[in-house]
Amino acid sequence: MHMADALVTPAVAGTMYVLSTGAAAYSIKKVRLEDDPKKIPVMGVMGAFVFATQMLNFTIPGTGSSGHLCGGMMLSALLGPYAGFLTMIGVLLIQCLMFADGGLLALGCNVWNMAFYGCFIGALLIWKPIMKKGVTRGKIVLASILGCVLTLQLGALSVTLETLASGVTELPFSVFLATMQPIHLAIGAVEGLITAAVLTFVNEARPELLWGVGENKSESKLSFKKTIIVLAVAAALCGGVVSLFASAFPDGLEWSMEKVAGTSELEADGSVYETAENIQTTTSLLPDYAFKDSEAAVGTSFSGIVGSLMVVIILTLVCYAFKFFKNGKSVQEN
Amino acid sequence: MDSIEKKLNEFKSIEELWQRSHWMNDLHPLGKLLISVIYIFTVVSINKYAVTPLILMSVYIIFGFVIGELSFKTGIYRMRLILPLVIFVGVLNPFFDKEVLLQVGDVGISRGVISMFTLMLKGFYAVLATYILIATTSIEKICYALSVLHVPKIIVIVVLLIGRYFYIMGEEADRIATAYKLRAPHQNGVHYSAWGTLVGMWLIRSMDRATIVYESMLLRGFKGDFSSEKIKVRAIDVIYPIVWITIFILIRHSYLFL
């Protein structure tokens with residue numbers, strides 16, 4: 001998975017350096033906030049440990065081949081995402097300098113592809129939510145396999161995108177992707193199993209070494225206000241920007257209707273249909289996703305944003321209504 | 001399991017190179033780090049169909065290996081880890097990009113063949129340039145250069161510690177592997193029934209070792225930073241990188257003079 005310098009152009013390498021530096025700066029801030037001076041030597045020794053264990057071969061049952069340990073997920077489960085990420089940067093830098101595994105210019109890409117996904121996605125989106133309500137052997141196995149598979153898939157996808165963006169290969173996107181993803185699916189599954197075996201043992205022997213196990217629910221939860229803001233911004237972006245690139249071709253249903261009936265809009269006769277159509281024409285503010293009597297692109301963006309925000313508002317109200325009725329019911333039961 | 005020994009030997013041979021008395025080892029680490037990064041940056045920025053500047057860029061590699069008295073064989077051996085992906089990415093270029101760019105006698109060389117050749121060459125150069133850096137500059141000195149460049153202290157310390165403890169951990173991995181091999185002589189790797197206990201025990205021991213390391217560091221006055229002696233900057237430390245960087249720029253834009 002380590003990318004070589006030859007596979008990236010300075011523009012791609014620079015972009016990935018900026019992204020990785022951002023993640024590193026955030027991690028440094030978080031580690032400093034933890035204010036645990038003991039953590040730095042632990043990070044160093046654990047980095048060396050992961051490096052050394054990667055040299056051990058593990059027999060893959062029934063295949064006759066062998067695999068090695070997944071560093072990112074393992075470090076995240078022991079040190080947390082931020083300290084784990086910084087440790088992985090150290091491991092990747094030493095690997096690139098000492099063993100030519102990776103490259104100095106491609107370091108930003110490798111940090112992103114392996115450390116960012118392994119530590120941030122693996123720890124925050126997989127390990128922590130699964131372990132929130134306590135740890136069991138099954139949960140460790142699930143989190144390890146899911147974490148390794150998903151983060152390796154994301155890493156492999158990033159390698160494909162970074163190489164193609166650099167323009168060094170004539171390989172079509174589909175061919176590159178079809179080669180990279182299945183290989184890393186198998187590697188991820190094996191690495192997940194090894195990680196699970198090790199973490200299960202640690203949980204049985206010294207459970208306090210595992211990170212994020214049984215932490216307070218309210219501490220880790222993204223606040224309601226933040227969730228709504230994130231959803232609103234995402235909805236506005238999708239509605240306002242992405243809607244401009246919506247395909248002009250008919251959708252699946254329209255395409256099927258055109259094939260069957262010869263037209264995508266069926267004619268309907270009768271007073272009921274006419275009345276309904278009149279009501280719709282009078283009340284619709286943005287017919288056909290545009291301003292009335294206008295074909296301007298801004299109308300499409302505006303429709304997208306308004307539509308998305310209305311969906312968010314309606315869903316929020318439905319959730320509140322559901323919560324209100326549920327609370328009422330539980331009060332009655334008590 | 002032999003890979004552990006090979007890696008440890010590789011590490012040991014690099015450590016031996018750090019101990020040599022050679023003028024390239026005595027150069028300021030910051031200058032050498034900058035030369036390496038700018039060299040790789042220049043090499044990968046060269047157009048994939050531009051063979052001439054890429055061939056000219058080999059002067060730094062030849063200089064580094066000949067004057068630095070380094071083994072070409074070792075340098076090329078280091079290619080083994082990144083070579084598979086580079087080959088996979090480049091090997092199909094001739095099949096997808098068949099337009100003839102160069103005519104050598106009756107034989108037409110396609111753009112795909114040239115881009116494959118330049119990709120391989122770029123891969124070689126980047127690995128060999130990194131080898132020139134690491135063979136003449138210790139991890140401690142590279143960490144010093146990183147701290148001069150204001151790379152956050154925490155990253156520098158972690159890199160330094162990984163560099164220092166890698167060999168100890170590697171030796172421990174070798175001992176574990178040898179012990180396991182003696183108990184299970186005909187097995188390819190660690191059996192799955194021992195995955196958890198074998199590595200888990202080792203991991204717990206390592207965590208305990210980290211605590212001991214931390215306590216020892218505290219006893220020796222560790223206050224969150226490693227104090228390293230300031231390396232003096234001599235005239236050659238400034239002239240050497242300037243000369244090389246100028247050469248790289250001239251080669252990169254050589255088409256302007258042709």
# chains A, B, ... in the order shown; residues from 1 in each chain; ligands from 1
>>> select_by_dssp(residues="stretch 19-111 of chain A", states="alpha helix (DSSP H)", output="MDAnalysis selection string")
chainID A and resid 19:34 39:53 71:79 81:99 107:110
>>> residues_around(residues="stretch 93-96 of chain A", least_positions_apart="4", cutoff="8 Å", atoms="only C-alpha atoms", output="ChimeraX atom specification")
/A:89,100-104,107 /B:159,162-163
>>> interface_residues(of="chain A", to="chain B", cutoff="6 Å", atoms="only C-alpha atoms", output="PyMOL selection string")
chain A and resi 4+6+9+41-42+44-45+47-49+52+55+57-59+90+100-101+169-170+197-198+201-202
>>> atom_distance(atom1="atom CA of A:Val159", atom2="atom CA of A:Thr15")
13.7 Å
>>> atom_distance(atom1="atom CA of B:Lys232", atom2="atom CA of B:Ile67")
23.2 Å
>>> closest_residue(among="B:Ile231, B:Ile247, B:Met57, B:Ile242", to="B:Ala145", atoms="only C-alpha atoms")
B:Ile231
>>> residues_around(residues="B:Ile114", least_positions_apart="3", cutoff="6 Å", atoms="only C-alpha atoms", output="ChimeraX atom specification")
/B:49,111,117
>>> residues_around(residues="B:Leu27", least_positions_apart="5", cutoff="9 Å", atoms="only C-alpha atoms", output="list in words")
Lys32, Thr136, Thr137, Val233, Arg234, Ile236, Asp237 and Tyr240 of chain B
>>> write_last_selection(atoms="N, CA and C atoms", output="JSON list (two decimals), in the first residue's frame")
[["chain", "number", "residue", "atom", "x", "y", "z"],
["B", 32, "LYS", "N", 21.48, 18.45, 3.59],
["B", 32, "LYS", "CA", 21.30, 17.15, 2.92],
["B", 32, "LYS", "C", 19.82, 16.80, 2.78],
["B", 136, "THR", "N", 24.23, 8.71, 4.87],
["B", 136, "THR", "CA", 25.20, 9.72, 5.33],
["B", 136, "THR", "C", 24.68, 10.54, 6.52],
["B", 137, "THR", "N", 23.42, 10.32, 6.91],
["B", 137, "THR", "CA", 22.83, 11.11, 7.99],
["B", 137, "THR", "C", 22.08, 10.22, 8.96],
["B", 233, "VAL", "N", 27.19, 25.59, 11.44],
["B", 233, "VAL", "CA", 27.05, 25.69, 9.98],
["B", 233, "VAL", "C", 28.36, 26.26, 9.41],
["B", 234, "ARG", "N", 29.00, 25.45, 8.52],
["B", 234, "ARG", "CA", 30.24, 25.89, 7.90],
["B", 234, "ARG", "C", 29.94, 26.38, 6.48],
["B", 236, "ILE", "N", 30.94, 25.18, 3.65],
["B", 236, "ILE", "CA", 30.60, 24.07, 2.75],
["B", 236, "ILE", "C", 29.14, 23.60, 2.95],
["B", 237, "ASP", "N", 28.63, 23.75, 4.17],
["B", 237, "ASP", "CA", 27.26, 23.35, 4.46],
["B", 237, "ASP", "C", 26.25, 24.20, 3.70],
["B", 240, "TYR", "N", 27.39, 23.59, -0.63],
["B", 240, "TYR", "CA", 27.04, 22.26, -1.17],
["B", 240, "TYR", "C", 25.56, 22.19, -1.61]]
>>> residues_around(residues="A:Ala156", least_positions_apart="3", cutoff="8 Å", atoms="only C-alpha atoms", output="PyMOL selection string")
chain A and resi 1+113+152-153+159-160+180-181+184
>>> residues_around(residues="A:Leu199", least_positions_apart="2", cutoff="9 Å", atoms="only C-alpha atoms", output="ChimeraX atom specification")
/A:74,77-78,137,140-141,144,194-197,201-204,210 /B:196,200
>>> atom_distance(atom1="atom CA of A:Ala123", atom2="atom CA of B:Val151")
25.1 Å
